[in-house]
Amino acid sequence: MKWSGTRPLSPALATDAQIMSSLRVTTFDEQIYWQDLLDACTEYAENALDSSLLTRTITATYFEYHTTPLGFFGYDGYYPRLLLLPRGPVQSITSITDANGNVINFNWETYGNSDKLRMLSGYVAPLTVVYQAGYGDTADNVPSDIRMAIRTHVATLFEQRGSTDEKAILAVPHSLEAFYQLRRRSCYVA
């Protein structure tokens, strides 16, 4: 499976005032730097969460016909497995078509933090799924804890600009990695 998605054209997930507060700065001397950090930390969060934070169109292509032998909810000797949608949260499914251009019937199912599709009819691979993913079109639609984690990440990188230090730096409890693990989309299980 491979996927691609448009980059949201929406504004950043934090205002300059919010970033300045997180960084404890009072001037705009390093505005370009912290805006670059905000972009990088937002992308990091999306990858860590396997999610789209702001609305975007995703196209996922599945190259194999996933089946399981009859005896488990079968039709015509096989039943299609659940296909994991690579980015979420899913807002809507635009289209599902196979290699012959046939529109495929499906059920959209949500398990924990993941969205999956169950094909209700056979198809010829590759299968192309186009859908809308993300929390919404503005920063206010993104959960506040995710926005705060991104601002915390920006502040950490702003303060600690190098990859090494002469002092031992320890992660604080409830680190970014632990936070992102809680919200990460669950693994594919068929």
# chains A, B, ... in the order shown; residues from 1 in each chain; ligands from 1
>>> select_by_dssp(residues="chain A", states="alpha helix (DSSP H)", output="ChimeraX atom specification")
/A:16-23,31-49,144-159,176-183
>>> residues_around(residues="range 14-22 of chain A", least_positions_apart="5", cutoff="8 Å", atoms="only C-alpha atoms", output="list in words")
Gln31, Trp34, Leu38, Ala139, Arg147, Arg151, Thr152, Val154 and Ala155 of chain A
>>> atom_distance(atom1="CA of Thr97 in chain A", atom2="CA of Arg184 in chain A")
28.0 Å
>>> residues_around(residues="Gly134 in chain A", least_positions_apart="4", cutoff="7 Å", atoms="only C-alpha atoms", output="number ranges by chain")
A: 52-56, 88-91
>>> write_last_selection(atoms="C-alpha atoms", output="mmCIF file, in the first residue's frame")
data_model
loop_
_atom_site.group_PDB
_atom_site.id
_atom_site.type_symbol
_atom_site.label_atom_id
_atom_site.label_comp_id
_atom_site.auth_asym_id
_atom_site.auth_seq_id
_atom_site.Cartn_x
_atom_site.Cartn_y
_atom_site.Cartn_z
ATOM 1 C CA SER A 52 -3.639 14.428 9.648
ATOM 2 C CA LEU A 53 -4.238 17.290 12.016
ATOM 3 C CA LEU A 54 -5.868 19.685 9.557
ATOM 4 C CA THR A 55 -8.196 18.578 6.758
ATOM 5 C CA ARG A 56 -6.492 17.136 3.692
ATOM 6 C CA GLY A 88 -7.037 9.830 10.060
ATOM 7 C CA PRO A 89 -9.226 10.793 11.627
ATOM 8 C CA VAL A 90 -11.365 10.109 8.580
ATOM 9 C CA GLN A 91 -14.022 12.719 7.874
#
>>> closest_residue(among="A:Thr6, A:Thr27, A:Ser121, A:Gln160", to="Arg87 in chain A", atoms="only C-alpha atoms")
A:Thr6
>>> select_by_dssp(residues="range 2-189 of chain A", states="strand (DSSP E or B)", output="PyMOL selection string")
chain A and resi 2-5+51+56-62+67-69+75+78-80+82-84+88+90-97+103+106-111+114-119+127-133
>>> write_last_selection(atoms="C-alpha atoms", output="PDB file, in the first residue's frame")
ATOM      1  CA  LYS A   2       1.155   3.506  -0.696  1.00  0.00           C
ATOM      2  CA  TRP A   3      -0.499   6.818   0.045  1.00  0.00           C
ATOM      3  CA  SER A   4      -0.155  10.483  -0.727  1.00  0.00           C
ATOM      4  CA  GLY A   5      -1.929  13.552   0.540  1.00  0.00           C
ATOM      5  CA  SER A  51      -2.758  11.325  11.585  1.00  0.00           C
ATOM      6  CA  ARG A  56      -6.492  17.136   3.692  1.00  0.00           C
ATOM      7  CA  THR A  57      -7.322  14.797   0.845  1.00  0.00           C
ATOM      8  CA  ILE A  58      -5.607  11.402   1.054  1.00  0.00           C
ATOM      9  CA  THR A  59      -5.260   8.894  -1.783  1.00  0.00           C
ATOM     10  CA  ALA A  60      -4.371   5.346  -0.691  1.00  0.00           C
ATOM     11  CA  THR A  61      -3.593   2.599  -3.210  1.00  0.00           C
ATOM     12  CA  TYR A  62      -3.725  -1.066  -2.180  1.00  0.00           C
ATOM     13  CA  THR A  67      -8.515 -12.308   1.424  1.00  0.00           C
ATOM     14  CA  THR A  68      -9.012 -14.985   4.026  1.00  0.00           C
ATOM     15  CA  PRO A  69     -10.265 -18.509   3.166  1.00  0.00           C
ATOM     16  CA  TYR A  75     -18.806 -14.969   0.239  1.00  0.00           C
ATOM     17  CA  TYR A  78     -13.400 -15.528   0.411  1.00  0.00           C
ATOM     18  CA  TYR A  79     -13.994 -12.480   2.537  1.00  0.00           C
ATOM     19  CA  PRO A  80     -11.914  -9.327   2.242  1.00  0.00           C
ATOM     20  CA  LEU A  82     -10.158  -4.889   6.778  1.00  0.00           C
ATOM     21  CA  LEU A  83      -7.993  -2.331   5.024  1.00  0.00           C
ATOM     22  CA  LEU A  84      -6.345   0.227   7.300  1.00  0.00           C
ATOM     23  CA  GLY A  88      -7.037   9.830  10.060  1.00  0.00           C
ATOM     24  CA  VAL A  90     -11.365  10.109   8.580  1.00  0.00           C
ATOM     25  CA  GLN A  91     -14.022  12.719   7.874  1.00  0.00           C
ATOM     26  CA  SER A  92     -15.515  11.196   4.717  1.00  0.00           C
ATOM     27  CA  ILE A  93     -14.811   8.691   1.960  1.00  0.00           C
ATOM     28  CA  THR A  94     -14.824  10.350  -1.468  1.00  0.00           C
ATOM     29  CA  SER A  95     -14.423   7.274  -3.688  1.00  0.00           C
ATOM     30  CA  ILE A  96     -13.243   3.663  -3.810  1.00  0.00           C
ATOM     31  CA  THR A  97     -12.473   2.257  -7.261  1.00  0.00           C
ATOM     32  CA  VAL A 103     -17.022   1.581  -7.762  1.00  0.00           C
ATOM     33  CA  PHE A 106     -17.723  -0.948   1.502  1.00  0.00           C
ATOM     34  CA  ASN A 107     -18.357  -0.491   5.199  1.00  0.00           C
ATOM     35  CA  TRP A 108     -16.304   2.121   7.050  1.00  0.00           C
ATOM     36  CA  GLU A 109     -15.434   0.912  10.541  1.00  0.00           C
ATOM     37  CA  THR A 110     -13.636   2.608  13.408  1.00  0.00           C
ATOM     38  CA  TYR A 111     -11.602   0.667  15.968  1.00  0.00           C
ATOM     39  CA  SER A 114      -7.977   3.755  13.556  1.00  0.00           C
ATOM     40  CA  ASP A 115     -10.305   3.775  10.567  1.00  0.00           C
ATOM     41  CA  LYS A 116     -10.670   0.694   8.386  1.00  0.00           C
ATOM     42  CA  LEU A 117     -12.644  -0.360   5.333  1.00  0.00           C
ATOM     43  CA  ARG A 118     -14.391  -3.689   4.799  1.00  0.00           C
ATOM     44  CA  MET A 119     -14.979  -4.352   1.100  1.00  0.00           C
ATOM     45  CA  LEU A 127      -7.762  -0.532  -5.226  1.00  0.00           C
ATOM     46  CA  THR A 128      -7.741   3.265  -4.935  1.00  0.00           C
ATOM     47  CA  VAL A 129      -9.350   4.989  -1.951  1.00  0.00           C
ATOM     48  CA  VAL A 130      -9.744   8.785  -1.869  1.00  0.00           C
ATOM     49  CA  TYR A 131     -10.896  10.345   1.394  1.00  0.00           C
ATOM     50  CA  GLN A 132     -10.818  13.431   3.607  1.00  0.00           C
ATOM     51  CA  ALA A 133      -8.864  13.187   6.863  1.00  0.00           C
TER      52      ALA A 133
END
>>> atom_distance(atom1="CA of Ser144 in chain A", atom2="CA of Gln35 in chain A")
18.9 Å
